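Enquirer: Sending over coords12.csv (CSV, C-alpha atoms).
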chain,number,residue,atom,x,y,z
A,1,MET,CA,104.1,247.4,13.2
A,2,PRO,CA,101.1,248.5,15.2
A,3,GLU,CA,101.8,250.2,18.5
A,4,ALA,CA,101.0,247.8,21.4
A,5,VAL,CA,100.5,250.7,23.9
A,6,VAL,CA,98.4,253.7,22.9
A,7,GLN,CA,96.8,256.5,24.8
A,8,LEU,CA,93.0,256.9,24.4
A,9,ARG,CA,90.4,259.6,24.4
A,10,CYS,CA,87.3,258.3,26.2
A,11,GLY,CA,83.7,259.2,26.1
A,12,VAL,CA,81.8,260.9,28.9
A,13,LYS,CA,78.2,260.9,30.0
A,14,ASN,CA,76.1,263.6,31.7
A,15,ASP,CA,73.3,261.8,33.5
A,16,SER,CA,71.3,263.9,36.0
A,17,TRP,CA,72.5,261.8,38.9
A,18,GLY,CA,76.1,262.7,38.2
A,19,LYS,CA,78.1,265.1,40.3
A,20,LYS,CA,78.3,268.7,39.0
A,21,GLY,CA,81.3,270.3,37.4
A,22,LYS,CA,84.6,270.2,39.4
A,23,ASP,CA,82.9,268.2,42.2
A,24,SER,CA,82.8,265.2,39.8
A,25,LEU,CA,85.9,263.0,39.7
A,26,VAL,CA,84.7,261.9,36.2
A,27,ALA,CA,85.0,265.6,35.1
A,28,GLN,CA,88.4,266.0,36.7
A,29,LEU,CA,89.9,262.9,35.1
A,30,TRP,CA,88.2,263.2,31.7
A,31,SER,CA,89.2,266.8,31.2
A,32,LYS,CA,92.9,266.0,31.7
A,33,THR,CA,93.2,264.1,28.3
A,34,PRO,CA,94.7,266.5,25.7
A,35,GLY,CA,92.0,267.9,23.4
A,36,ASN,CA,89.1,267.3,25.8
A,37,ALA,CA,86.9,270.2,26.8
A,38,PRO,CA,87.4,272.2,30.0
A,39,ILE,CA,85.0,271.4,32.9
A,40,ASP,CA,81.6,273.1,32.7
A,41,ASN,CA,80.5,273.8,36.3
A,42,ASP,CA,76.9,273.9,35.2
A,43,GLN,CA,77.0,270.4,33.7
A,44,THR,CA,76.8,267.0,35.5
A,45,TYR,CA,79.4,264.4,34.7
A,46,SER,CA,78.3,260.9,35.6
A,47,GLU,CA,80.4,258.3,33.7
A,48,MET,CA,83.6,258.0,31.7
A,49,TRP,CA,83.7,254.8,29.6
A,50,MET,CA,86.8,253.0,28.4
A,51,GLY,CA,86.8,250.4,25.7
A,52,THR,CA,85.1,249.2,22.5
A,53,TYR,CA,81.4,249.3,23.5
A,54,PRO,CA,79.8,250.8,20.3
A,55,SER,CA,77.5,253.4,22.0
A,56,ASN,CA,80.4,255.1,23.8
A,57,HIS,CA,83.7,253.8,22.4
A,58,SER,CA,87.2,255.1,23.0
A,59,HIS,CA,89.5,256.5,20.3
A,60,LEU,CA,93.2,256.5,19.8
A,61,LEU,CA,94.4,260.0,20.9
A,62,SER,CA,97.1,260.1,18.2
A,63,THR,CA,94.8,259.4,15.2
A,64,GLY,CA,91.2,259.6,16.3
A,65,GLU,CA,90.6,256.1,15.1
A,66,PRO,CA,88.1,254.1,17.2
A,67,LEU,CA,89.8,251.5,19.4
A,68,GLY,CA,87.5,248.8,18.1
A,69,GLU,CA,88.6,249.4,14.5
A,70,TYR,CA,92.2,249.5,15.5
A,71,LEU,CA,91.9,246.0,17.1
A,72,LYS,CA,90.0,244.6,14.1
A,73,LYS,CA,93.0,245.6,12.0
A,74,ASN,CA,95.5,244.2,14.5
A,75,PRO,CA,93.7,241.3,16.2
A,76,GLN,CA,97.0,239.9,17.5
A,77,LEU,CA,97.0,242.6,20.1
A,78,VAL,CA,94.2,240.9,22.1
A,79,GLY,CA,95.9,237.5,22.3
A,80,LYS,CA,94.9,234.1,21.1
A,81,SER,CA,92.6,233.1,24.0
A,82,VAL,CA,90.6,236.3,23.9
A,83,LEU,CA,90.5,236.3,20.1
A,84,ASP,CA,89.2,232.7,20.0
A,85,ARG,CA,86.5,233.3,22.6
A,86,TRP,CA,85.4,236.9,22.0
A,87,GLY,CA,87.0,238.0,18.7
A,88,ALA,CA,89.1,241.2,18.2
A,89,GLU,CA,87.3,242.9,21.1
A,90,ILE,CA,87.9,243.9,24.7
A,91,PRO,CA,85.5,241.7,26.6
A,92,PHE,CA,85.1,244.1,29.5
A,93,LEU,CA,84.0,247.7,30.1
A,94,PRO,CA,85.8,249.8,32.7
A,95,LYS,CA,84.2,253.1,33.8
A,96,ILE,CA,84.8,255.9,36.3
A,97,LEU,CA,81.5,257.0,38.0
A,98,SER,CA,80.7,260.0,40.1
A,99,PHE,CA,77.2,260.3,41.5
A,100,SER,CA,75.5,262.6,44.1
A,101,GLN,CA,72.1,260.7,44.2
A,102,ALA,CA,71.0,257.2,43.7
A,103,LEU,CA,71.4,255.4,40.4
A,104,PRO,CA,68.3,253.5,39.3
A,105,LEU,CA,67.4,250.4,41.3
A,106,GLN,CA,68.4,247.7,38.9
A,107,ILE,CA,69.6,244.3,37.8
A,108,HIS,CA,71.5,243.2,34.7
A,109,PRO,CA,70.2,240.1,32.8
A,110,ASP,CA,72.1,236.9,32.8
A,111,LEU,CA,73.3,235.3,29.6
A,112,ALA,CA,70.1,233.4,28.8
A,113,LEU,CA,67.8,236.4,29.6
A,114,ALA,CA,70.1,238.8,27.7
A,115,LYS,CA,69.8,236.7,24.6
A,116,ARG,CA,66.0,236.5,24.8
A,117,LEU,CA,65.6,240.2,25.5
A,118,HIS,CA,67.9,241.2,22.7
A,119,ALA,CA,65.9,239.0,20.3
A,120,GLN,CA,62.7,240.7,21.4
A,121,ASP,CA,63.9,244.3,21.6
A,122,PRO,CA,67.4,244.8,20.2
A,123,LYS,CA,67.1,248.6,20.4
A,124,LYS,CA,66.5,248.5,24.2
A,125,TYR,CA,68.7,245.5,24.9
A,126,GLY,CA,71.7,246.1,22.6
A,127,ASP,CA,73.7,243.0,23.2
A,128,THR,CA,73.5,239.3,24.2
A,129,MET,CA,76.0,239.5,27.1
A,130,HIS,CA,75.5,239.3,30.8
A,131,LYS,CA,76.8,242.1,33.0
A,132,PRO,CA,78.4,241.0,36.3
A,133,GLU,CA,80.4,243.9,37.6
A,134,ILE,CA,82.8,245.1,40.3
A,135,ALA,CA,82.8,248.6,41.9
A,136,ILE,CA,85.9,249.9,43.7
A,137,ALA,CA,85.6,253.0,45.9
A,138,LEU,CA,87.8,256.0,45.0
A,139,SER,CA,86.1,258.1,47.8
A,140,LYS,CA,83.4,257.4,50.4
A,141,PHE,CA,81.0,255.1,48.6
A,142,GLU,CA,77.4,254.4,49.7
A,143,LEU,CA,75.4,251.7,48.0
A,144,PHE,CA,72.7,249.1,48.2
A,145,ALA,CA,73.9,245.6,47.2
A,146,GLY,CA,72.1,242.3,47.4
A,147,TRP,CA,69.7,241.3,50.1
A,148,LYS,CA,69.7,241.5,53.9
A,149,PRO,CA,69.6,238.1,55.7
A,150,LEU,CA,66.1,236.5,55.4
A,151,GLU,CA,65.5,236.6,59.2
A,152,ASP,CA,66.2,240.3,59.3
A,153,ILE,CA,63.8,241.0,56.4
A,154,LYS,CA,61.1,238.8,58.0
A,155,ALA,CA,61.4,240.8,61.3
A,156,LEU,CA,61.1,244.1,59.5
A,157,CYS,CA,58.1,243.0,57.5
A,158,LYS,CA,56.3,242.3,60.7
A,159,LEU,CA,56.4,246.0,61.6
A,160,GLU,CA,52.8,247.2,61.3
A,161,PRO,CA,53.3,249.6,58.3
A,162,LEU,CA,54.9,246.7,56.3
A,163,THR,CA,52.6,243.8,57.1
A,164,LYS,CA,50.6,244.5,54.0
A,165,PHE,CA,53.6,243.4,51.9
A,166,LEU,CA,54.0,240.1,53.7
A,167,PRO,CA,52.4,237.1,51.8
A,168,GLU,CA,50.6,234.4,53.7
A,169,SER,CA,53.3,231.7,54.0
A,170,LYS,CA,54.4,229.3,56.6
A,171,THR,CA,58.0,229.8,55.7
A,172,PHE,CA,60.0,232.9,54.8
A,173,ASP,CA,62.4,231.9,52.0
A,174,ASP,CA,63.7,233.4,48.8
A,175,GLU,CA,60.4,232.9,47.0
A,176,THR,CA,58.6,234.7,49.8
A,177,LEU,CA,61.2,237.5,49.4
A,178,ARG,CA,60.5,237.6,45.7
A,179,GLN,CA,56.8,238.2,46.4
A,180,VAL,CA,57.6,240.9,49.0
A,181,CYS,CA,59.8,242.7,46.5
A,182,ILE,CA,57.2,242.5,43.7
A,183,LEU,CA,54.4,243.7,46.0
A,184,MET,CA,56.6,246.7,47.0
A,185,LEU,CA,57.4,247.5,43.4
A,186,LYS,CA,53.7,247.3,42.4
A,187,ALA,CA,52.4,249.4,45.3
A,188,SER,CA,50.6,252.6,44.3
A,189,PRO,CA,52.4,255.9,44.8
A,190,GLU,CA,50.0,256.7,47.6
A,191,THR,CA,50.7,253.4,49.4
A,192,VAL,CA,54.5,253.9,49.2
A,193,ALA,CA,54.2,257.5,50.5
A,194,SER,CA,51.9,256.6,53.4
A,195,THR,CA,54.0,253.6,54.3
A,196,ILE,CA,57.2,255.7,54.5
A,197,LYS,CA,55.3,258.3,56.6
A,198,ALA,CA,54.0,255.6,59.0
A,199,LEU,CA,57.5,254.1,59.4
A,200,GLN,CA,58.7,257.5,60.8
A,201,SER,CA,56.4,256.9,63.8
A,202,VAL,CA,57.8,253.4,64.6
A,203,PRO,CA,60.1,253.5,67.6
A,204,GLU,CA,63.8,253.2,66.6
A,205,SER,CA,64.3,250.2,68.8
A,206,GLN,CA,61.8,248.2,66.7
A,207,PHE,CA,64.1,248.3,63.7
A,208,GLY,CA,66.8,246.3,65.5
A,209,SER,CA,70.2,246.7,63.9
A,210,ASP,CA,68.6,248.6,61.0
A,211,SER,CA,67.8,251.7,63.1
A,212,TYR,CA,69.1,253.8,60.2
A,213,ILE,CA,66.0,253.0,58.1
A,214,PRO,CA,63.7,255.9,59.0
A,215,GLY,CA,66.4,258.5,58.4
A,216,LEU,CA,67.5,256.8,55.2
A,217,LEU,CA,63.9,256.8,53.9
A,218,VAL,CA,63.7,260.5,54.4
A,219,ARG,CA,66.9,261.0,52.5
A,220,LEU,CA,65.8,258.8,49.6
A,221,SER,CA,62.4,260.5,49.5
A,222,LYS,CA,64.0,263.9,48.9
A,223,GLN,CA,65.9,262.5,45.9
A,224,TYR,CA,63.1,260.7,44.0
A,225,THR,CA,59.9,261.7,45.9
A,226,ALA,CA,58.3,259.9,48.7
A,227,SER,CA,56.3,257.8,46.3
A,228,ASP,CA,59.2,256.0,44.5
A,229,ASN,CA,58.8,252.3,45.0
A,230,GLY,CA,62.6,251.9,45.1
A,231,ASN,CA,62.7,253.7,48.5
A,232,LEU,CA,61.0,250.7,50.3
A,233,VAL,CA,62.8,247.9,48.4
A,234,ALA,CA,66.3,249.5,49.0
A,235,ALA,CA,65.9,250.5,52.6
A,236,ILE,CA,63.9,247.5,53.9
A,237,LEU,CA,65.1,244.6,51.8
A,238,MET,CA,68.7,245.4,50.7
A,239,ASN,CA,72.1,245.7,52.3
A,240,TYR,CA,73.0,249.3,52.9
A,241,MET,CA,76.8,249.7,52.8
A,242,THR,CA,79.4,252.4,53.2
A,243,LEU,CA,82.8,251.7,51.8
A,244,GLY,CA,86.1,253.5,52.0
A,245,PRO,CA,88.7,254.1,49.2
A,246,GLY,CA,90.1,250.7,48.0
A,247,ASP,CA,87.1,248.7,49.2
A,248,SER,CA,85.1,246.8,46.6
A,249,VAL,CA,81.9,244.9,45.9
A,250,PHE,CA,81.1,242.2,43.3
A,251,VAL,CA,77.6,242.3,41.8
A,252,PRO,CA,76.7,239.0,39.9
A,253,ALA,CA,74.4,239.1,37.0
A,254,ASP,CA,70.7,239.4,38.1
A,255,SER,CA,71.7,240.6,41.5
A,256,ILE,CA,69.8,243.7,42.8
A,257,HIS,CA,71.8,246.8,43.4
A,258,ALA,CA,71.7,250.6,43.5
A,259,TYR,CA,74.6,253.0,44.0
A,260,LEU,CA,73.8,256.0,46.3
A,261,GLU,CA,76.7,258.4,46.5
A,262,GLY,CA,80.5,258.5,45.7
A,263,ASP,CA,83.2,258.1,43.1
A,264,ILE,CA,84.2,254.6,41.9
A,265,VAL,CA,86.1,252.8,39.3
A,266,GLU,CA,83.8,250.1,37.9
A,267,CYS,CA,84.3,247.2,35.5
A,268,MET,CA,81.8,244.8,34.0
A,269,ALA,CA,81.4,242.3,31.2
A,270,ARG,CA,81.0,244.1,27.9
A,271,SER,CA,77.3,244.8,28.1
A,272,ASP,CA,74.9,247.8,28.6
A,273,ASN,CA,71.8,245.7,29.4
A,274,VAL,CA,69.8,246.8,32.4
A,275,ILE,CA,66.4,246.4,34.0
A,276,ASN,CA,65.3,249.4,36.1
A,277,THR,CA,62.4,249.5,38.5
A,278,GLY,CA,63.1,252.3,41.0
A,279,PHE,CA,64.9,255.6,41.7
A,280,CYS,CA,63.8,256.8,38.3
A,281,PRO,CA,60.6,258.3,36.7
A,282,ALA,CA,57.7,255.9,36.2
A,283,THR,CA,58.1,256.3,32.4
A,284,LYS,CA,61.6,254.9,32.6
A,285,ARG,CA,60.8,251.8,34.7
A,286,ASP,CA,60.8,248.4,33.2
A,287,SER,CA,58.3,245.5,33.8
A,288,VAL,CA,58.1,244.6,37.5
A,289,ASP,CA,57.1,241.1,36.5
A,290,LEU,CA,60.3,240.7,34.3
A,291,PHE,CA,62.4,242.2,37.1
A,292,GLY,CA,60.8,239.8,39.7
A,293,GLN,CA,61.3,236.7,37.5
A,294,ALA,CA,64.9,237.5,36.8
A,295,LEU,CA,65.9,238.2,40.4
A,296,THR,CA,68.5,236.0,42.0
A,297,PHE,CA,69.2,235.9,45.8
A,298,VAL,CA,73.0,236.2,46.0
A,299,PRO,CA,74.4,237.8,48.1
A,300,HIS,CA,72.2,237.5,51.2
A,301,ASN,CA,74.4,239.7,53.5
A,302,SER,CA,76.7,242.6,53.2
A,303,THR,CA,79.9,240.6,53.9
A,304,ASP,CA,79.3,238.3,51.0
A,305,ALA,CA,78.9,241.3,48.7
A,306,LEU,CA,82.5,242.4,49.4
A,307,LEU,CA,85.3,241.6,46.9
A,308,PRO,CA,88.6,241.4,48.8
A,309,ARG,CA,91.8,242.8,47.2
A,310,GLN,CA,94.9,240.5,47.2
A,311,LYS,CA,98.5,240.8,46.2
A,312,SER,CA,98.9,240.1,42.5
A,313,ASP,CA,101.7,238.0,41.0
A,314,LYS,CA,101.6,240.4,38.0
A,315,GLY,CA,103.5,243.0,40.1
A,316,MET,CA,107.1,242.0,40.5
A,317,ASN,CA,107.9,244.5,43.3
A,318,GLY,CA,104.8,243.8,45.5
A,319,LYS,CA,103.2,247.2,44.8
A,320,THR,CA,100.2,245.8,42.9
A,321,ASP,CA,96.9,244.3,44.2
A,322,VAL,CA,94.3,242.5,42.2
A,323,TYR,CA,90.5,242.4,42.4
A,324,ALA,CA,89.5,239.1,41.0
A,325,PRO,CA,85.8,238.4,40.7
A,326,PRO,CA,84.6,234.8,40.1
A,327,ILE,CA,84.0,235.3,36.4
A,328,SER,CA,86.3,234.9,33.3
A,329,GLU,CA,85.8,238.2,31.5
A,330,PHE,CA,88.2,240.4,33.6
A,331,SER,CA,90.2,241.1,36.7
A,332,MET,CA,91.4,244.5,37.9
A,333,LEU,CA,94.9,245.5,39.1
A,334,CYS,CA,95.6,248.4,41.4
A,335,THR,CA,99.1,249.8,41.6
A,336,CYS,CA,100.0,252.5,44.1
A,337,LEU,CA,103.5,254.0,44.3
A,338,CYS,CA,105.0,256.6,46.6
A,339,GLY,CA,107.7,259.0,45.4
A,340,GLY,CA,110.8,257.2,44.2
A,341,GLU,CA,109.2,253.7,44.1
A,342,LYS,CA,109.1,251.4,41.1
A,343,GLU,CA,106.9,248.5,39.9
A,344,THR,CA,107.1,246.1,37.0
A,345,HIS,CA,104.0,244.4,35.5
A,346,LYS,CA,104.7,241.0,34.0
A,347,ALA,CA,103.4,240.5,30.4
A,348,ILE,CA,99.7,239.8,30.4
A,349,LEU,CA,98.4,237.4,27.8
A,350,GLY,CA,95.4,239.5,26.8
A,351,PRO,CA,94.3,243.1,26.3
A,352,SER,CA,94.2,245.6,29.2
A,353,LEU,CA,92.9,249.2,29.8
A,354,MET,CA,94.6,251.4,32.3
A,355,ILE,CA,93.7,254.7,33.9
A,356,VAL,CA,95.8,257.0,36.2
A,357,THR,CA,93.5,258.2,39.1
A,358,LYS,CA,96.2,260.1,41.1
A,359,GLY,CA,99.6,261.5,40.6
A,360,CYS,CA,102.0,261.2,37.7
A,361,GLY,CA,105.0,259.1,36.6
A,362,SER,CA,106.3,257.2,33.6
A,363,MET,CA,105.8,253.8,31.9
A,364,LYS,CA,108.7,252.1,30.0
A,365,ILE,CA,107.8,249.6,27.3
A,366,PRO,CA,109.9,247.2,25.2
A,367,GLY,CA,112.0,249.0,22.7
A,368,ASP,CA,113.2,251.4,25.3
A,369,GLN,CA,110.3,253.8,24.8
A,370,THR,CA,109.1,255.8,27.8
A,371,ILE,CA,105.5,257.0,28.0
A,372,GLU,CA,104.4,259.9,30.3
A,373,MET,CA,101.6,259.0,32.8
A,374,LYS,CA,99.4,261.8,34.2
A,375,GLU,CA,96.2,261.9,36.2
A,376,GLY,CA,93.3,261.1,34.0
A,377,TYR,CA,95.3,259.6,31.2
A,378,VAL,CA,93.9,256.3,29.8
A,379,TYR,CA,95.9,253.6,27.9
A,380,PHE,CA,95.3,250.5,25.9
A,381,VAL,CA,97.9,247.8,26.4
A,382,GLY,CA,98.2,244.9,24.0
A,383,GLN,CA,98.9,241.3,25.1
A,384,GLY,CA,102.4,240.2,25.9
A,385,VAL,CA,103.9,243.5,26.9
A,386,ALA,CA,105.9,243.9,30.1
A,387,LEU,CA,105.7,247.3,31.7
A,388,ASP,CA,108.1,249.2,34.0
A,389,PHE,CA,106.6,252.0,36.1
A,390,SER,CA,108.4,254.7,38.1
A,391,THR,CA,107.4,258.0,39.8
A,392,GLU,CA,109.0,260.9,41.5
A,393,LYS,CA,106.0,262.2,43.4
A,394,GLY,CA,103.6,259.2,43.6
A,395,ILE,CA,101.0,257.6,41.4
A,396,ALA,CA,98.0,255.4,41.5
A,397,PHE,CA,96.4,253.6,38.6
A,398,TYR,CA,93.9,250.8,37.8
A,399,ARG,CA,94.4,248.3,35.0
A,400,ALA,CA,91.5,246.0,33.9
A,401,TYR,CA,92.6,242.9,31.9
A,402,ALA,CA,91.5,239.6,30.4
A,403,GLU,CA,93.7,236.5,29.7
Rewrite the structure of this file - the entire thing - as C-alpha cells.
Expert:
Amino acid sequence: MPEAVVQLRCGVKNDSWGKKGKDSLVAQLWSKTPGNAPIDNDQTYSEMWMGTYPSNHSHLLSTGEPLGEYLKKNPQLVGKSVLDRWGAEIPFLPKILSFSQALPLQIHPDLALAKRLHAQDPKKYGDTMHKPEIAIALSKFELFAGWKPLEDIKALCKLEPLTKFLPESKTFDDETLRQVCILMLKASPETVASTIKALQSVPESQFGSDSYIPGLLVRLSKQYTASDNGNLVAAILMNYMTLGPGDSVFVPADSIHAYLEGDIVECMARSDNVINTGFCPATKRDSVDLFGQALTFVPHNSTDALLPRQKSDKGMNGKTDVYAPPISEFSMLCTCLCGGEKETHKAILGPSLMIVTKGCGSMKIPGDQTIEMKEGYVYFVGQGVALDFSTEKGIAFYRAYAE
C-alpha cells in the first residue's frame, strides 16, 4: 500500500531579486528539511516550489523519488475528479517567495494564448496552462496589482510630463488605457528617465490621492535604473498596495502585476508561462505588442484585487480559514493553533500540499500513525485522508488543495 501522507524535499531558486541568506524566509524554511544545505549568507533565495512541475519538482524525502513519478504509480492518491480532468498530477503549484526588489512587471497568458504560444515556442512557453494565482502575505507585502480606476489614471495623464502618453480620444476607456500602457512600454530610455525627472518637479497636490508617486518613482529607479519602462507603468497606471500578514490578493490570468517587497505564500494553476516587459534588463523583455494585446482590465481598483479569507468547513474546530479564488484548480487553507489547541481537517477529495510556516506540532493520520510537523516541513497528502493536528507551543501551516 502506498503511503497517502509523505514528507517532501522541495526545490529552491536563487533569482537576483530574492532576499539574501538568513534574511530570506525561503532560505529559512527550505534549509529546515533534513538533508538540505545550510543557508549561504552570500546567496539570494527567491522561491521554494512545491509540487510536480517538471522544471523544479519535489521529491519524496524518504526515497528521493520525484513526486510526479510517485503519483503516476499511484494515481488513486489524487482522486477520481482530479484524475479525470488533469491526470495523475497536482493541478496547482504552491511556492514560498522572498523578494527585496521588484519582480518583473508581468502577465500570465490565458488558456487560449498559452496554447498558441506553446505551439510557437515550446522552449520558452513550456506548457498550455493558464496561470491565475493568489499571493498571501507572510510579512509586510508591497505590490502592484491591476489598474487604478480609469478616472484616476485620466487625471494623472493630464499632468504635463505625462500628456505625451495620452492618445487623442474623446473617451478614456480600457482601450485608451491599453494604448497609454503600450506607449509607456515603447518609450525610449531617455524619454522614461526625463519623464520621471520632470515628475519630481510637479507639486505633490497635483497627484491627488496618489501623492506617493514621486517618491515611489525614485525608489523604483534605484532598483532598475531611471530608464526602465516598468517604473512609469507601475507607478502611474497600477494599484500600489501594502498588505499585512494574512492579507491576500487574487491575480487572474492576463492581469498585470508586479510584486515589490516581502515574503509570501503563493499558489497558482500549474504553469510557468509569463510575459515580462519591465523591471528586468531589456534583453529579457518580451514583445510589448504581445503584452498589450493580451492585457485584460480586471481588477480596476485595489479593493477588487483583494481575496478575503473565510472560515472553512474543512476545519472541524473552527481554527482553519480558506482562501478560495474564483477558479477550479485550487483553494488554500490556513490553520493557526496556539499552544494546547487542536484541529481536525475533514477528508479532502483530491490531492493537497502543506507547508509549516511557523512553530511545530504533530499530525495524526488514519492507522494511528503520528507524523512530526516542524517549521519548513512540506507534505503531500493524498485524497480521502482525515487529519488531526495538535501542538504544545503553537503552529501555523498552509495547505493548497483541489477537489
Enquirer: Can you work out which one of A:Ala145, A:Leu307, A:Val180, A:Val82 has the shortest atom-to-atom distance to A:Val249, counting only C-alpha atoms?
Expert: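 Once distances to A:Val249 are computed over only C-alpha atoms, the minimum belongs to A:Leu307.
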Enquirer: So which residues touch A:Pro366 within 8 Å, counting all atoms listed in the file, skipping near sequence neighbours fewer than 4 positions away, as a list in words?
Expert: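 Residues meeting the cut-off are Val385, Ala386 and Leu387 of chain A.
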Enquirer: I want to know what sits within 7 Å of A:Phe144, based on all atoms listed in the file, with residues of the same chain fewer than 5 positions away left out; could you give that as a list of chain:residue names?
Expert: A:Ala234, A:Met238, A:Asn239, A:Tyr240, A:Met241, A:His257, A:Ala258, A:Tyr259
Enquirer: Considering all atoms listed in the file, return as a ChimeraX atom specification whatever protein or nucleic-acid residues lie within 12 Å of A:Gln101, sequence-local ones (same chain, fewer than 2 positions apart) excluded.
Expert: /A:15-20,44,46,97-99,103-105,141-143,219-224,258-263,279-280
Enquirer: Using only C-alpha atoms, pick whichever of A:Glu392, A:Asp321, A:Glu3, A:Asp286 has the shortest atom-to-atom distance to A:Gln369.
Expert: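 Between A:Glu392, A:Asp321, A:Glu3, A:Asp286, the residue approaching A:Gln369 most closely is A:Glu3.
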Enquirer: From the options A:Met1, A:Leu29, A:Met50, A:Leu243, which residue's atoms come nearest to A:Cys267, counting all atoms listed in the file?
Expert: A:Met50
Enquirer: For a test of reading the model, state the distance in Å between atom CA of A:Lys284 and atom CA of A:Lys13, rounded to one decimal.
Expert: 17.8 Å
Enquirer: Which polymer residues, whether protein, DNA or RNA, lie within 12 Å of the coordinate (60.1, 255.1, 36.2) when you count all atoms listed in the file? List them as a ChimeraX atom specification, using the chain letters and numbers from the file.
Expert: /A:104-106,185-186,189,224-225,227-230,275-288
Enquirer: Please, what distance in Å, to one decimal, runs between atom CA of A:Ile96 and atom CA of A:Leu111?
Expert: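 Separation between atom CA of A:Ile96 and atom CA of A:Leu111: 24.5 Å.
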Enquirer: Which of these residues is nearest to A:Lys154, using all atoms listed in the file: A:Val378, A:Met316, A:Ala402, A:Leu177?
Expert: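 Nearest to A:Lys154: A:Leu177.
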Enquirer: Please tell me which residues are no farther than 9 Å from (84.8, 241.8, 20.5) in the file, counting only C-alpha atoms, and write them as a list in words.
Expert: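 Answer for this query, in the requested form: Thr52, Tyr53, Gly68, Leu71, Lys72, Val82, Leu83, Arg85, Trp86, Gly87, Ala88, Glu89, Ile90, Pro91 and Arg270 of chain A.
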Enquirer: For the atom pair atom CA of A:Gly318 and atom CA of A:Lys346, what is the interatomic distance in Å to one decimal place?
Expert: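 Computing it gives 11.8 Å between the two atoms.
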Enquirer: What's the 7 Å shell around stretch 4-6 of chain A, counting all atoms listed in the file, without same-chain residues fewer than 3 positions away, as an NGL selection string?
Expert: :A and (60 or 77 or 379-382)
Enquirer: Supply stretch 383-388 of chain A as a PDB file, keeping the file's coordinate frame, with all heavy atoms built in where the input has gaps.
Expert:
ATOM      1  N   GLN A 383      98.435 242.536  24.366  1.00  0.00           N
ATOM      2  CA  GLN A 383      98.900 241.300  25.100  1.00  0.00           C
ATOM      3  C   GLN A 383     100.421 241.189  24.959  1.00  0.00           C
ATOM      4  O   GLN A 383     101.045 241.627  24.003  1.00  0.00           O
ATOM      5  CB  GLN A 383      98.182 240.112  24.554  1.00  0.00           C
ATOM      6  CG  GLN A 383      98.518 239.739  23.112  1.00  0.00           C
ATOM      7  CD  GLN A 383      99.718 238.828  22.981  1.00  0.00           C
ATOM      8  OE1 GLN A 383     100.077 238.130  23.933  1.00  0.00           O
ATOM      9  NE2 GLN A 383     100.354 238.831  21.831  1.00  0.00           N
ATOM     10  N   GLY A 384     101.011 240.563  25.972  1.00  0.00           N
ATOM     11  CA  GLY A 384     102.400 240.200  25.900  1.00  0.00           C
ATOM     12  C   GLY A 384     103.426 241.265  26.115  1.00  0.00           C
ATOM     13  O   GLY A 384     104.593 241.096  25.759  1.00  0.00           O
ATOM     14  N   VAL A 385     103.006 242.394  26.719  1.00  0.00           N
ATOM     15  CA  VAL A 385     103.900 243.500  26.900  1.00  0.00           C
ATOM     16  C   VAL A 385     104.215 243.717  28.390  1.00  0.00           C
ATOM     17  O   VAL A 385     103.316 243.986  29.185  1.00  0.00           O
ATOM     18  CB  VAL A 385     103.299 244.833  26.339  1.00  0.00           C
ATOM     19  CG1 VAL A 385     104.264 246.006  26.521  1.00  0.00           C
ATOM     20  CG2 VAL A 385     102.951 244.663  24.865  1.00  0.00           C
ATOM     21  N   ALA A 386     105.491 243.575  28.760  1.00  0.00           N
ATOM     22  CA  ALA A 386     105.900 243.900  30.100  1.00  0.00           C
ATOM     23  C   ALA A 386     106.074 245.384  30.280  1.00  0.00           C
ATOM     24  O   ALA A 386     106.506 246.069  29.349  1.00  0.00           O
ATOM     25  CB  ALA A 386     107.221 243.169  30.449  1.00  0.00           C
ATOM     26  N   LEU A 387     105.708 245.906  31.449  1.00  0.00           N
ATOM     27  CA  LEU A 387     105.700 247.300  31.700  1.00  0.00           C
ATOM     28  C   LEU A 387     106.513 247.675  32.942  1.00  0.00           C
ATOM     29  O   LEU A 387     106.340 247.021  33.968  1.00  0.00           O
ATOM     30  CB  LEU A 387     104.297 247.885  31.821  1.00  0.00           C
ATOM     31  CG  LEU A 387     103.337 247.632  30.649  1.00  0.00           C
ATOM     32  CD1 LEU A 387     101.928 248.051  31.028  1.00  0.00           C
ATOM     33  CD2 LEU A 387     103.791 248.382  29.400  1.00  0.00           C
ATOM     34  N   ASP A 388     107.349 248.707  32.857  1.00  0.00           N
ATOM     35  CA  ASP A 388     108.100 249.200  34.000  1.00  0.00           C
ATOM     36  C   ASP A 388     107.578 250.582  34.392  1.00  0.00           C
ATOM     37  O   ASP A 388     107.554 251.485  33.546  1.00  0.00           O
ATOM     38  CB  ASP A 388     109.596 249.278  33.712  1.00  0.00           C
ATOM     39  CG  ASP A 388     110.211 247.902  33.505  1.00  0.00           C
ATOM     40  OD1 ASP A 388     109.974 247.029  34.347  1.00  0.00           O
ATOM     41  OD2 ASP A 388     110.919 247.707  32.490  1.00  0.00           O
TER      42      ASP A 388
END
